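Enquirer: Enclosed is the structure file final-v8.txt (compact mmCIF, C-alpha atoms).
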```
# COMPACT_ATOMS: atom_id res chain seq x y z
CA MET A 1 3.85 -31.46 41.96
CA ASP A 2 3.87 -34.04 39.17
CA SER A 3 6.92 -36.31 39.43
CA LYS A 4 7.12 -36.43 35.64
CA SER A 5 7.43 -32.64 35.43
CA VAL A 6 10.06 -32.69 38.18
CA LYS A 7 12.16 -35.25 36.30
CA GLU A 8 11.94 -33.21 33.10
CA PHE A 9 13.15 -30.16 34.99
CA ILE A 10 16.02 -32.16 36.53
CA ARG A 11 17.21 -33.29 33.10
CA LYS A 12 17.25 -29.66 31.93
CA GLU A 13 19.20 -28.50 34.99
CA VAL A 14 21.56 -31.52 35.07
CA PRO A 15 22.54 -32.51 31.50
CA ASP A 16 24.52 -35.56 32.68
CA TRP A 17 21.68 -36.86 34.88
CA ASP A 18 21.31 -40.06 32.80
CA ASP A 19 25.04 -40.76 32.70
CA GLU A 20 25.42 -44.08 34.49
CA LEU A 21 28.95 -43.58 35.81
CA ILE A 22 28.29 -40.10 37.17
CA ALA A 23 24.89 -41.12 38.58
CA THR A 24 26.44 -44.10 40.39
CA ALA A 25 28.92 -41.82 42.12
CA ARG A 26 26.24 -39.28 43.04
CA PHE A 27 23.83 -41.87 44.45
CA LYS A 28 26.38 -43.35 46.86
CA ALA A 29 26.18 -42.68 50.60
CA PHE A 30 28.51 -40.16 52.22
CA SER A 31 31.80 -41.57 53.48
CA GLY A 32 35.20 -40.30 54.58
CA GLN A 33 36.06 -36.75 55.52
CA LYS A 34 33.76 -33.79 54.95
CA SER A 35 35.99 -32.53 52.16
CA ASP A 36 35.32 -35.81 50.32
CA TRP A 37 31.53 -35.52 50.22
CA GLU A 38 31.07 -31.71 50.45
CA PRO A 39 30.74 -31.24 46.62
CA LYS A 40 28.13 -33.99 46.48
CA PHE A 41 26.20 -32.41 49.35
CA GLN A 42 26.22 -29.02 47.63
CA PHE A 43 24.92 -30.62 44.42
CA TRP A 44 21.92 -32.27 46.10
CA LYS A 45 21.15 -29.27 48.29
CA ASN A 46 21.17 -26.81 45.40
CA LEU A 47 19.09 -29.16 43.25
CA ILE A 48 16.41 -29.51 45.93
CA VAL A 49 16.17 -25.72 46.33
CA LYS A 50 16.06 -25.16 42.55
CA ILE A 51 13.23 -27.67 42.09
CA ALA A 52 11.17 -26.19 44.94
CA ARG A 53 11.70 -22.60 43.72
CA HIS A 54 10.83 -23.53 40.12
CA PHE A 55 7.54 -25.15 41.13
CA GLY A 56 6.67 -22.39 43.61
CA VAL A 57 6.73 -24.45 46.82
CA PHE A 58 8.68 -24.10 50.04
CA ILE A 59 7.30 -27.17 51.85
CA ILE A 60 8.69 -30.51 50.72
CA SER A 61 8.00 -34.11 51.69
CA PRO A 62 11.17 -36.16 52.41
CA PRO A 63 9.68 -39.46 51.13
CA GLN A 64 8.55 -37.71 47.94
CA VAL A 65 11.98 -36.12 47.45
CA LYS A 66 13.78 -39.45 47.74
CA ASN A 67 11.33 -41.88 46.13
CA GLU A 68 9.76 -39.71 43.40
CA TRP A 69 11.96 -36.74 42.54
CA PHE A 70 15.27 -38.59 42.37
CA ASN A 71 14.10 -42.07 41.46
CA ARG A 72 16.10 -43.49 38.52
CA GLY A 73 14.61 -46.79 37.46
CA GLY A 74 14.01 -47.89 41.04
CA LEU A 75 17.33 -46.55 42.33
CA THR A 76 17.24 -43.71 44.87
CA PRO A 77 20.12 -41.68 46.36
CA LEU A 78 21.53 -43.27 49.49
CA CYS A 79 22.76 -39.90 50.76
CA ILE A 80 19.48 -37.93 50.71
CA ASP A 81 18.82 -38.58 54.40
CA HIS A 82 22.23 -37.12 55.30
CA VAL A 83 21.70 -34.17 52.92
CA LEU A 84 18.41 -33.27 54.62
CA PHE A 85 19.90 -33.86 58.07
CA ILE A 86 22.84 -31.52 57.40
CA MET A 87 20.50 -28.90 55.95
CA TYR A 88 18.37 -29.23 59.09
CA ASN A 89 21.37 -28.76 61.41
CA GLU A 90 22.53 -25.73 59.42
CA GLY A 91 19.08 -24.12 59.64
CA GLU A 92 18.35 -24.33 55.91
CA ILE A 93 15.30 -26.48 56.52
CA THR A 94 13.03 -26.84 59.54
CA ARG A 95 10.04 -28.86 60.63
CA ILE A 96 6.57 -27.41 61.05
CA SER A 97 6.58 -28.84 64.57
CA ASP A 98 9.64 -26.68 65.33
CA MET A 99 7.85 -23.49 64.34
CA VAL A 100 6.11 -21.35 66.93
CA GLY A 101 2.32 -21.65 66.76
CA PRO A 102 1.19 -18.25 65.46
CA TYR A 103 -2.44 -18.77 66.48
CA SER A 104 -1.66 -19.31 70.17
CA GLY A 105 -0.84 -16.99 73.05
CA ARG A 106 2.63 -15.90 74.12
CA ILE A 107 2.91 -18.47 76.92
CA THR A 108 1.97 -21.28 74.55
CA GLN A 109 4.46 -19.98 71.99
CA LEU A 110 7.20 -20.03 74.62
CA PHE A 111 6.29 -23.63 75.45
CA TYR A 112 6.53 -24.53 71.74
CA LYS A 113 10.02 -23.04 71.56
CA VAL A 114 11.26 -25.09 74.53
CA LYS A 115 9.65 -28.22 73.11
CA SER A 116 11.24 -27.75 69.68
CA LEU A 117 14.70 -27.29 71.25
CA MET A 118 14.29 -30.55 73.13
CA ASN A 119 13.11 -32.41 70.02
CA ARG A 120 16.01 -31.06 67.95
CA SER A 121 18.52 -33.04 69.97
CA THR A 122 16.78 -36.32 69.10
CA MET A 123 16.82 -35.77 65.32
CA SER A 124 18.85 -38.22 63.19
CA PRO A 125 19.33 -38.84 59.45
CA GLU A 126 16.97 -41.82 59.63
CA SER A 127 14.22 -40.02 61.52
CA ILE A 128 14.19 -36.98 59.25
CA LEU A 129 12.94 -39.12 56.38
CA LEU A 130 9.91 -40.02 58.50
CA GLU A 131 8.75 -36.39 58.66
CA ASP A 132 5.61 -35.54 56.71
CA CYS A 133 6.97 -32.22 55.51
CA LEU A 134 9.98 -29.96 55.83
CA ILE A 135 10.20 -26.21 55.23
CA LEU A 136 12.96 -24.62 53.17
CA THR A 137 13.72 -21.50 55.21
CA THR A 138 15.19 -19.48 52.32
CA LEU A 139 12.10 -20.01 50.17
CA LEU A 140 9.87 -19.35 53.19
CA LYS A 141 11.42 -15.88 53.54
CA GLU A 142 10.94 -15.28 49.82
CA LYS A 143 7.27 -16.26 50.08
CA ALA A 144 6.73 -13.96 53.06
CA ASP A 145 8.28 -11.05 51.13
CA GLU A 146 6.07 -11.88 48.16
CA VAL A 147 2.92 -11.82 50.31
CA ILE A 148 3.88 -8.46 51.86
CA LYS A 149 4.59 -7.03 48.40
CA CYS A 150 1.22 -8.23 47.12
CA LEU A 151 -0.58 -6.67 50.08
CA SER A 152 1.35 -3.42 49.65
CA GLU A 153 0.02 -3.08 46.10
CA SER A 154 -3.57 -2.93 47.35
CA HIS A 155 -3.07 -0.99 50.60
CA TRP A 156 -1.70 2.52 51.07
CA ASN A 157 -1.09 2.42 54.81
CA SER A 158 1.89 1.08 56.72
CA HIS A 159 -0.15 -1.94 57.85
CA CYS A 160 -3.23 -3.87 56.81
CA VAL A 161 -5.72 -6.38 58.17
CA VAL A 162 -6.83 -9.40 56.12
CA THR A 163 -8.95 -12.43 56.92
CA ARG A 164 -7.23 -15.70 57.67
CA ASN A 165 -8.82 -17.37 54.62
CA LYS A 166 -7.47 -14.71 52.27
CA PHE A 167 -4.03 -14.83 53.88
CA GLU A 168 -3.84 -18.60 53.51
CA SER A 169 -4.98 -18.44 49.88
CA MET A 170 -2.22 -15.90 49.17
CA CYS A 171 0.34 -18.21 50.80
CA GLY A 172 -0.85 -21.27 48.87
CA GLY A 173 -2.71 -23.27 51.49
CA GLN A 174 -3.34 -23.85 55.18
CA LYS A 175 0.10 -25.31 55.97
CA GLU A 176 1.81 -22.62 53.93
CA GLY A 177 -0.19 -19.90 55.70
CA TYR A 178 0.75 -21.36 59.08
CA ALA A 179 4.46 -21.35 58.18
CA VAL A 180 4.46 -17.83 56.70
CA LEU A 181 2.57 -16.37 59.67
CA SER A 182 4.89 -18.14 62.09
CA TYR A 183 7.86 -16.56 60.33
CA LEU A 184 6.23 -13.10 60.28
CA SER A 185 5.30 -13.41 63.94
CA GLY A 186 8.90 -14.27 64.79
CA CYS A 187 10.02 -11.13 62.92
CA ARG A 188 7.23 -9.14 64.61
CA LYS A 189 5.86 -8.29 61.18
CA GLY A 190 2.56 -10.13 61.56
CA GLN A 191 0.04 -10.83 64.29
CA TYR A 192 -3.01 -13.05 64.53
CA LEU A 193 -6.31 -11.63 65.78
CA SER A 194 -9.81 -13.01 66.18
CA THR A 195 -13.21 -11.82 67.30
CA ASN A 196 -16.59 -13.40 67.96
CA LYS A 197 -19.52 -11.81 66.11
CA LYS A 198 -22.06 -14.65 66.27
CA GLU A 199 -19.26 -16.77 64.75
CA LEU A 200 -15.49 -16.82 64.99
CA ILE A 201 -13.80 -14.30 62.68
CA GLU A 202 -10.04 -14.75 62.26
CA GLY A 203 -7.61 -12.35 60.67
CA ILE A 204 -3.98 -11.34 60.31
CA LYS A 205 -2.48 -7.88 60.88
CA VAL A 206 0.61 -7.39 58.72
CA SER A 207 3.16 -4.59 58.75
CA LEU A 208 3.87 -3.38 55.20
CA SER A 209 6.86 -1.22 56.18
CA SER A 210 10.22 -1.91 57.81
CA ALA A 211 8.70 -1.19 61.23
CA VAL A 212 7.31 -3.92 63.47
CA VAL A 213 3.58 -4.44 63.50
CA SER A 214 1.74 -2.27 66.01
CA GLY A 215 -0.49 -3.63 68.74
CA VAL A 216 -4.00 -4.75 67.86
CA SER A 217 -6.59 -2.03 68.51
CA SER A 218 -10.38 -1.98 68.60
CA LEU A 219 -10.33 -0.39 65.15
CA ASP A 220 -8.46 -3.44 63.85
CA PHE A 221 -11.20 -5.73 65.12
CA ASP A 222 -13.89 -3.55 63.54
CA THR A 223 -11.95 -3.45 60.27
CA LEU A 224 -11.60 -7.24 60.33
CA HIS A 225 -15.35 -7.60 60.85
CA LEU A 226 -16.05 -5.31 57.89
CA ILE A 227 -13.57 -7.09 55.63
CA TRP A 228 -15.02 -10.47 56.63
CA THR A 229 -18.53 -9.15 55.85
CA GLN A 230 -17.30 -7.83 52.51
CA GLU A 231 -15.92 -11.24 51.53
CA LYS A 232 -19.12 -12.99 52.65
CA LEU A 233 -21.26 -10.62 50.57
CA GLN A 234 -18.99 -11.13 47.55
CA GLN A 235 -19.31 -14.89 47.94
CA GLN A 236 -23.10 -14.50 48.14
CA LEU A 237 -23.05 -12.43 44.94
CA ASP A 238 -21.10 -15.18 43.18
CA VAL A 239 -23.64 -17.78 44.30
CA ILE A 240 -26.55 -15.61 43.09
CA ASP A 241 -24.86 -15.09 39.72
CA ARG A 242 -24.32 -18.83 39.25
CA ARG A 243 -27.94 -19.60 40.14
CA TRP A 244 -29.17 -16.87 37.81
CA GLU A 245 -27.14 -18.29 34.93
CA THR A 246 -28.45 -21.81 35.68
CA SER A 247 -32.06 -20.54 35.66
CA ARG A 248 -31.41 -18.71 32.39
CA GLN A 249 -30.07 -21.83 30.71
CA SER A 250 -33.02 -23.87 32.02
CA ALA A 251 -35.52 -21.26 30.78
CA LEU A 252 -33.98 -21.29 27.30
CA ALA A 253 -34.03 -25.08 27.20
CA SER A 254 -37.69 -25.13 28.31
CA LEU A 255 -38.65 -22.63 25.60
CA LYS A 256 -36.93 -24.71 22.93
CA SER A 257 -38.76 -27.82 24.10
CA GLY A 258 -42.11 -25.95 24.09
CA ASN A 259 -42.69 -26.13 27.84
CA LYS A 260 -43.70 -22.50 28.42
CA LYS A 261 -44.98 -23.16 31.96
CA LEU A 262 -41.60 -24.45 33.12
CA ALA A 263 -39.84 -21.63 31.29
CA LEU A 264 -42.02 -19.10 33.12
CA ARG A 265 -41.06 -20.60 36.46
CA HIS A 266 -37.38 -20.31 35.62
CA ALA A 267 -37.99 -16.72 34.52
CA LYS A 268 -39.47 -15.95 37.94
CA GLU A 269 -36.39 -17.45 39.58
CA MET A 270 -34.23 -15.18 37.44
CA LYS A 271 -36.24 -12.13 38.51
CA LEU A 272 -36.00 -13.10 42.18
CA GLY A 273 -32.24 -13.64 41.78
CA THR A 274 -31.89 -10.19 40.20
CA GLU A 275 -33.69 -8.56 43.14
CA ASN A 276 -31.54 -10.42 45.66
CA ARG A 277 -28.42 -9.39 43.78
CA GLU A 278 -29.39 -5.73 43.94
CA LYS A 279 -29.92 -5.92 47.70
CA CYS A 280 -26.67 -7.77 48.28
CA ASN A 281 -24.76 -5.40 46.01
CA SER A 282 -26.18 -2.40 47.88
CA LEU A 283 -24.96 -3.79 51.20
CA LEU A 284 -21.55 -4.55 49.68
CA ASN A 285 -21.23 -0.97 48.42
CA ARG A 286 -22.03 0.40 51.87
CA VAL A 287 -19.41 -1.82 53.51
CA GLU A 288 -16.80 -0.77 50.93
CA GLU A 289 -17.61 2.90 51.56
CA VAL A 290 -17.03 2.45 55.30
CA LEU A 291 -13.71 0.67 54.65
CA CYS A 292 -12.68 3.49 52.31
CA VAL A 293 -13.51 6.08 54.99
CA ILE A 294 -11.44 4.16 57.55
CA ALA A 295 -8.47 4.00 55.15
CA ASN A 296 -8.71 7.74 54.47
CA VAL A 297 -8.88 8.50 58.18
CA GLU A 298 -5.76 6.42 58.85
CA SER A 299 -3.89 8.16 56.02
CA THR A 300 -4.95 11.56 57.36
CA LYS A 301 -3.83 10.49 60.83
CA GLN A 302 -0.37 9.61 59.52
CA VAL A 303 -0.05 12.92 57.71
CA THR A 304 -1.20 14.79 60.81
CA GLY A 305 1.32 12.91 62.92
CA ALA A 306 4.11 13.81 60.50
CA ILE A 307 3.08 17.48 60.63
CA GLN A 308 3.05 17.42 64.43
CA ILE A 309 6.53 15.87 64.52
CA GLY A 310 7.79 18.52 62.12
CA ALA A 311 6.27 21.30 64.21
CA ARG A 312 7.82 19.89 67.39
CA VAL A 313 11.26 19.68 65.76
CA ILE A 314 10.96 23.28 64.52
CA LYS A 315 10.00 24.43 68.00
CA GLU A 316 12.77 22.50 69.75
CA ASN A 317 15.44 23.83 67.40
CA LYS A 318 14.01 27.38 67.50
CA ILE A 319 13.62 27.57 63.72
CA SER A 320 11.24 30.19 62.36
CA ILE A 321 8.67 29.57 59.66
CA GLU A 322 10.49 32.07 57.44
CA GLU A 323 13.69 29.99 57.66
CA VAL A 324 11.80 26.85 56.72
CA GLN A 325 10.22 28.65 53.76
CA LEU A 326 13.63 29.93 52.69
CA CYS A 327 15.08 26.42 52.81
CA LEU A 328 12.22 25.12 50.66
CA GLU A 329 12.77 27.90 48.12
CA GLU A 330 16.50 27.12 47.97
CA LEU A 331 15.68 23.46 47.48
CA ASP A 332 13.34 24.32 44.58
CA GLU A 333 16.06 26.48 43.02
CA SER A 334 18.57 23.64 43.32
CA ILE A 335 16.15 21.26 41.63
CA ASP A 336 15.57 23.78 38.81
CA SER A 337 19.32 24.26 38.36
CA GLN A 338 19.84 20.52 38.20
CA LYS A 339 17.14 20.22 35.54
CA GLN A 340 18.80 23.00 33.50
CA VAL A 341 22.15 21.21 33.69
CA GLU A 342 20.56 17.95 32.56
CA LYS A 343 18.82 19.79 29.72
CA ALA A 344 22.12 21.41 28.68
CA LEU A 345 23.89 18.06 28.68
CA ALA A 346 21.13 16.35 26.71
CA PRO A 347 22.39 17.43 23.22
CA SER A 348 25.76 15.74 23.81
CA LEU A 349 23.94 12.46 24.35
CA ASP A 350 22.10 12.75 21.03
CA MET A 351 25.15 13.19 18.78
CA GLU A 352 25.29 11.26 15.50
CA ASP A 353 28.05 8.91 14.36
CA GLU A 354 28.83 11.27 11.44
CA ASP A 355 29.59 14.10 13.88
CA ILE A 356 32.04 11.94 15.78
CA GLU A 357 33.79 10.81 12.61
CA GLU A 358 34.07 14.43 11.38
CA GLU A 359 35.64 15.53 14.68
CA PHE A 360 38.16 12.68 14.52
CA ARG A 361 39.08 13.66 10.95
CA LYS A 362 39.70 17.23 12.14
CA LEU A 363 41.85 15.83 14.93
CA GLU A 364 43.94 13.81 12.47
CA LEU A 365 44.44 16.87 10.26
CA GLU A 366 45.44 18.95 13.27
CA ILE A 367 48.00 16.39 14.36
CA GLY A 368 49.36 15.92 10.83
CA SER A 369 49.66 19.65 10.07
CA GLY A 370 52.79 20.04 12.16
CA ASN A 371 51.35 21.24 15.42
CA LEU A 372 53.75 18.96 17.20
CA LYS A 373 56.65 21.26 16.23
CA ASP A 374 55.44 23.89 18.65
CA LEU A 375 56.69 21.90 21.64
CA ASN A 376 59.42 23.56 23.70
CA PRO A 377 62.67 21.66 23.02
CA GLU A 378 64.12 22.94 26.31
CA ALA A 379 61.62 20.97 28.28
CA GLY A 380 63.61 17.81 27.68
CA VAL A 381 60.67 15.89 26.23
CA SER A 382 61.36 13.31 23.56
CA ASP A 383 59.51 13.20 20.23
CA SER A 384 57.33 10.28 21.30
CA GLU A 385 56.45 11.97 24.58
CA GLY A 386 55.63 15.22 22.72
CA THR A 387 53.39 13.32 20.36
CA ASP A 388 51.49 11.76 23.26
CA GLN A 389 51.20 15.15 24.97
CA SER A 390 49.82 16.87 21.86
CA LEU A 391 47.42 14.00 21.29
CA ALA A 392 46.19 14.27 24.88
CA ASP A 393 45.72 18.06 24.53
CA ALA A 394 43.88 17.62 21.26
CA LEU A 395 41.58 15.01 22.78
CA LEU A 396 40.79 17.32 25.68
CA ASN A 397 39.81 20.09 23.24
CA LEU A 398 37.63 17.73 21.23
CA LYS A 399 34.05 18.99 20.86
CA LEU A 400 31.45 16.26 21.04
CA ALA A 401 28.81 18.30 19.20
CA ASP A 402 28.96 21.49 17.14
CA ASP A 403 28.02 24.51 19.21
CA ALA A 404 26.39 22.28 21.90
CA PRO A 405 25.50 24.54 24.82
CA GLY A 406 27.21 23.60 28.05
CA SER A 407 29.43 20.93 26.44
CA GLY A 408 32.56 22.97 27.14
CA SER A 409 31.58 23.41 30.78
CA ALA A 410 30.96 19.69 31.14
CA ILE A 411 34.51 18.91 29.99
CA GLN A 412 35.95 21.75 32.02
CA ASN A 413 34.33 20.63 35.19
CA SER A 414 35.65 17.12 34.78
CA GLY A 415 39.00 18.29 36.29
CA LEU A 416 41.16 16.59 33.64
CA PRO A 417 42.37 19.60 31.54
CA ALA A 418 43.75 21.58 34.48
CA LYS A 419 45.75 18.62 35.64
CA ASN A 420 47.21 17.90 32.21
CA LYS A 421 48.09 21.56 31.48
CA GLU A 422 50.01 22.04 34.66
CA SER A 423 52.16 18.94 34.42
CA ASN A 424 52.57 15.85 32.36
CA SER A 425 50.05 13.10 33.14
CA PRO A 426 51.48 10.07 34.93
CA MET A 427 50.04 7.97 32.18
CA LEU A 428 51.93 10.01 29.54
CA GLU A 429 55.14 9.84 31.53
CA ALA A 430 54.79 6.08 31.66
CA ALA A 431 54.40 6.11 27.92
```
Please re-express this file's structure in structure tokens.

Expert:
Amino acid sequence: MDSKSVKEFIRKEVPDWDDELIATARFKAFSGQKSDWEPKFQFWKNLIVKIARHFGVFIISPPQVKNEWFNRGGLTPLCIDHVLFIMYNEGEITRISDMVGPYSGRITQLFYKVKSLMNRSTMSPESILLEDCLILTTLLKEKADEVIKCLSESHWNSHCVVTRNKFESMCGGQKEGYAVLSYLSGCRKGQYLSTNKKELIEGIKVSLSSAVVSGVSSLDFDTLHLIWTQEKLQQQLDVIDRRWETSRQSALASLKSGNKKLALRHAKEMKLGTENREKCNSLLNRVEEVLCVIANVESTKQVTGAIQIGARVIKENKISIEEVQLCLEELDESIDSQKQVEKALAPSLDMEDEDIEEEFRKLELEIGSGNLKDLNPEAGVSDSEGTDQSLADALLNLKLADDAPGSGSAIQNSGLPAKNKESNSPMLEAA
């Protein structure tokens, strides 16, 4: 994060940032009761979160925040240490050392939890500025949700397995990957796994649904090995392509300079690179086919499981297949009826302004033609009340579109006419 870009963003978010009087008050240390410095605390806290969210980070450095972000001509806020300390006590920020190590076993994770609780009691406003980095918990959760959403777009199952390198690149780095996985592990939405196949292969199993991540199986280890192999082959293809392009450029340069012998050598390197690329690409295709088969098998397994659950429920409730079929047919009929209603209502949504104006002109003529004289004088209704009643009745009989099919039913089913015909509306009585 460039400090210059941060300062430009601050000036956009805080128009009075360069006002000397206001800045002097903001940069003072906290004093007095909490009610005295609470607005100032909220200002600094919200500004820190806004800056981090705008620049796409959730790990901040306390020295950088104080000495670079909020530096005004050599002056820095005297209250930043207390702001960060209060945020830490309220759980809005945390230290990486407080997070459970996601790459360790359960016993080690339990030890980390006890250790972090002991270290929390020794934290002070002065010591928090000495931390290398702090994690904004709200933005950490947002990043974890973003990673899960990104993985869901490329996987159809309820969970997926990715290599550690890919997971960390999606999170933004090694520290970021550590923090996100620690959070997912705490929510039981992610789990670390590793296997030794001549070299250490590390991966992450992530739940893409609301359910917790399932236990690691042998299939997960095999899938991780295949995905790791796929990434290695893709990296090898990229290297071959770069070398082929370098040999091509060298061959062209040699031809232009008249050195045909050197150009021929580069041409042989290009041919060898093409052959290697074909072999590597063939292996990559085979690995991708196996991964596709595994994904299809898992999808089929989920569908089969759903069918088995449905069959068990039908058997337990003693429901016949004919009853199930009848329910499905009734559901289809309901859907068709709903579509017909929507189609019938569609013309009323497409009416023109001229149609509305014409209907209102007819309404005015109807009111002005003396229809109000038909009111029953024995009902004890005054002239103004009779006028309101006739206007309400006329509005209820208003057609939104000429000869629009179903428009009368839509008004009828609204429940308003029946109520107004039986008795005066409370709104009209109030009038």

Enquirer: Pick out the residues sitting within 12 Å of Leu134 (chain A), and hand them over as a ChimeraX atom specification; count all atoms listed in the file, and ignore anything fewer than 3 positions along from it in its own chain.

Expert: /A:48,52,57-65,84-85,87-88,91-99,128-131,137,139-140,175-176,179

Enquirer: Closest to Ser158 (chain A) among A:Ile51, A:Ala211, A:Ile294, A:Ala144, using only C-alpha atoms?

Expert: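 So, comparing all the options, the nearest one is A:Ala211.
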
Enquirer: For Pro39 (chain A), find every residue with an atom within 12 Å (counting only C-alpha atoms), except residues of its own chain fewer than 5 positions away, and show them as a short mmCIF file (atom, residue, chain, number, x, y, z; two decimals) with C-alpha atoms, in the frame of the given file.

Expert:
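The resulting file, part06.cif, is reproduced below:
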```
data_model
loop_
_atom_site.label_atom_id
_atom_site.label_comp_id
_atom_site.auth_asym_id
_atom_site.auth_seq_id
_atom_site.Cartn_x
_atom_site.Cartn_y
_atom_site.Cartn_z
CA ALA A 25 28.92 -41.82 42.12
CA ARG A 26 26.24 -39.28 43.04
CA PHE A 30 28.51 -40.16 52.22
CA GLN A 33 36.06 -36.75 55.52
CA LYS A 34 33.76 -33.79 54.95
CA TRP A 44 21.92 -32.27 46.10
CA LYS A 45 21.15 -29.27 48.29
CA ASN A 46 21.17 -26.81 45.40
CA VAL A 83 21.70 -34.17 52.92
#
```

Enquirer: Region 186-198 of chain A, all listed atoms, 6 Å padding on each side: what axis-aligned box centre and edge lengths in Å to one decimal come out, as JSON?

Expert:
```
{"center_x": -6.0, "center_y": -11.5, "center_z": 64.6, "size_x": 44.1, "size_y": 18.4, "size_z": 18.8}
```

Enquirer: One decimal, in Å: what's the spacing between CA of Thr24 (chain A) and CA of Pro77 (chain A)?

Expert: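 Atom-to-atom, CA of Thr24 (chain A) to CA of Pro77 (chain A), that is 9.0 Å.
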
Enquirer: What's the separation between CA of Glu231 (chain A) and CA of Ser194 (chain A), in Å to one decimal place?

Expert: 16.0 Å

Enquirer: I want to know what sits within 8 Å of Tyr192 (chain A), based on only C-alpha atoms, with residues of the same chain fewer than 5 positions away left out; could you give that as a list in words?

Expert: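 Here the qualifying residues turn out to be Pro102, Tyr103, Glu202, Gly203, Ile204 and Lys205 of chain A.
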
Enquirer: Write out as a ChimeraX atom specification the residues lying within 9 Å of His82 (chain A), counting only C-alpha atoms and excluding same-chain residues fewer than 4 positions away.

Expert: /A:29-30,41,78,86-87,124-126,128

Enquirer: Using all atoms listed in the file for the distances, tell me which of A:Glu8, A:Ile80, A:Gly74, A:Ser104 is nearest to Lys28 (chain A).

Expert: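 Counting all atoms listed in the file, the residue closest to Lys28 (chain A) is A:Ile80.
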
Enquirer: Taking only C-alpha atoms into account, name the residue in A:Cys187, A:Val213, A:Val147, A:Leu255 that is nearest to Glu168 (chain A).

Expert: A:Val147

Enquirer: Select region 10-14 of chain A in the preceding structure and write all heavy atoms to a file as an mmCIF file, in the first residue's frame.

Expert:
```
data_model
loop_
_atom_site.group_PDB
_atom_site.id
_atom_site.type_symbol
_atom_site.label_atom_id
_atom_site.label_comp_id
_atom_site.auth_asym_id
_atom_site.auth_seq_id
_atom_site.Cartn_x
_atom_site.Cartn_y
_atom_site.Cartn_z
ATOM 1 N N ILE A 10 -7.831 9.305 2.073
ATOM 2 C CA ILE A 10 -8.276 9.923 3.327
ATOM 3 C C ILE A 10 -8.875 11.298 3.057
ATOM 4 O O ILE A 10 -9.920 11.659 3.624
ATOM 5 C CB ILE A 10 -7.108 10.021 4.326
ATOM 6 C CG1 ILE A 10 -6.684 8.625 4.805
ATOM 7 C CG2 ILE A 10 -7.489 10.891 5.526
ATOM 8 C CD1 ILE A 10 -5.462 8.624 5.691
ATOM 9 N N ARG A 11 -8.254 12.071 2.193
ATOM 10 C CA ARG A 11 -8.761 13.417 1.895
ATOM 11 C C ARG A 11 -10.122 13.362 1.194
ATOM 12 O O ARG A 11 -10.938 14.266 1.348
ATOM 13 C CB ARG A 11 -7.750 14.170 1.030
ATOM 14 C CG ARG A 11 -6.508 14.612 1.817
ATOM 15 C CD ARG A 11 -5.593 15.499 0.992
ATOM 16 N NE ARG A 11 -4.509 16.019 1.813
ATOM 17 C CZ ARG A 11 -3.338 15.415 1.965
ATOM 18 N NH1 ARG A 11 -3.120 14.249 1.336
ATOM 19 N NH2 ARG A 11 -2.405 15.933 2.736
ATOM 20 N N LYS A 12 -10.354 12.279 0.421
ATOM 21 C CA LYS A 12 -11.671 12.129 -0.213
ATOM 22 C C LYS A 12 -12.727 11.743 0.813
ATOM 23 O O LYS A 12 -13.866 12.215 0.746
ATOM 24 C CB LYS A 12 -11.593 11.071 -1.317
ATOM 25 C CG LYS A 12 -10.783 11.495 -2.528
ATOM 26 C CD LYS A 12 -10.755 10.372 -3.566
ATOM 27 C CE LYS A 12 -9.918 10.769 -4.773
ATOM 28 N NZ LYS A 12 -9.860 9.664 -5.780
ATOM 29 N N GLU A 13 -12.354 10.867 1.750
ATOM 30 C CA GLU A 13 -13.304 10.403 2.763
ATOM 31 C C GLU A 13 -13.536 11.440 3.859
ATOM 32 O O GLU A 13 -14.626 11.513 4.421
ATOM 33 C CB GLU A 13 -12.812 9.092 3.392
ATOM 34 C CG GLU A 13 -12.878 7.894 2.478
ATOM 35 C CD GLU A 13 -14.303 7.500 2.160
ATOM 36 O OE1 GLU A 13 -15.153 7.514 3.064
ATOM 37 O OE2 GLU A 13 -14.575 7.190 0.983
ATOM 38 N N VAL A 14 -12.499 12.237 4.172
ATOM 39 C CA VAL A 14 -12.586 13.233 5.250
ATOM 40 C C VAL A 14 -12.283 14.603 4.650
ATOM 41 O O VAL A 14 -11.119 15.006 4.568
ATOM 42 C CB VAL A 14 -11.596 12.910 6.393
ATOM 43 C CG1 VAL A 14 -11.827 13.834 7.583
ATOM 44 C CG2 VAL A 14 -11.715 11.457 6.825
#
```
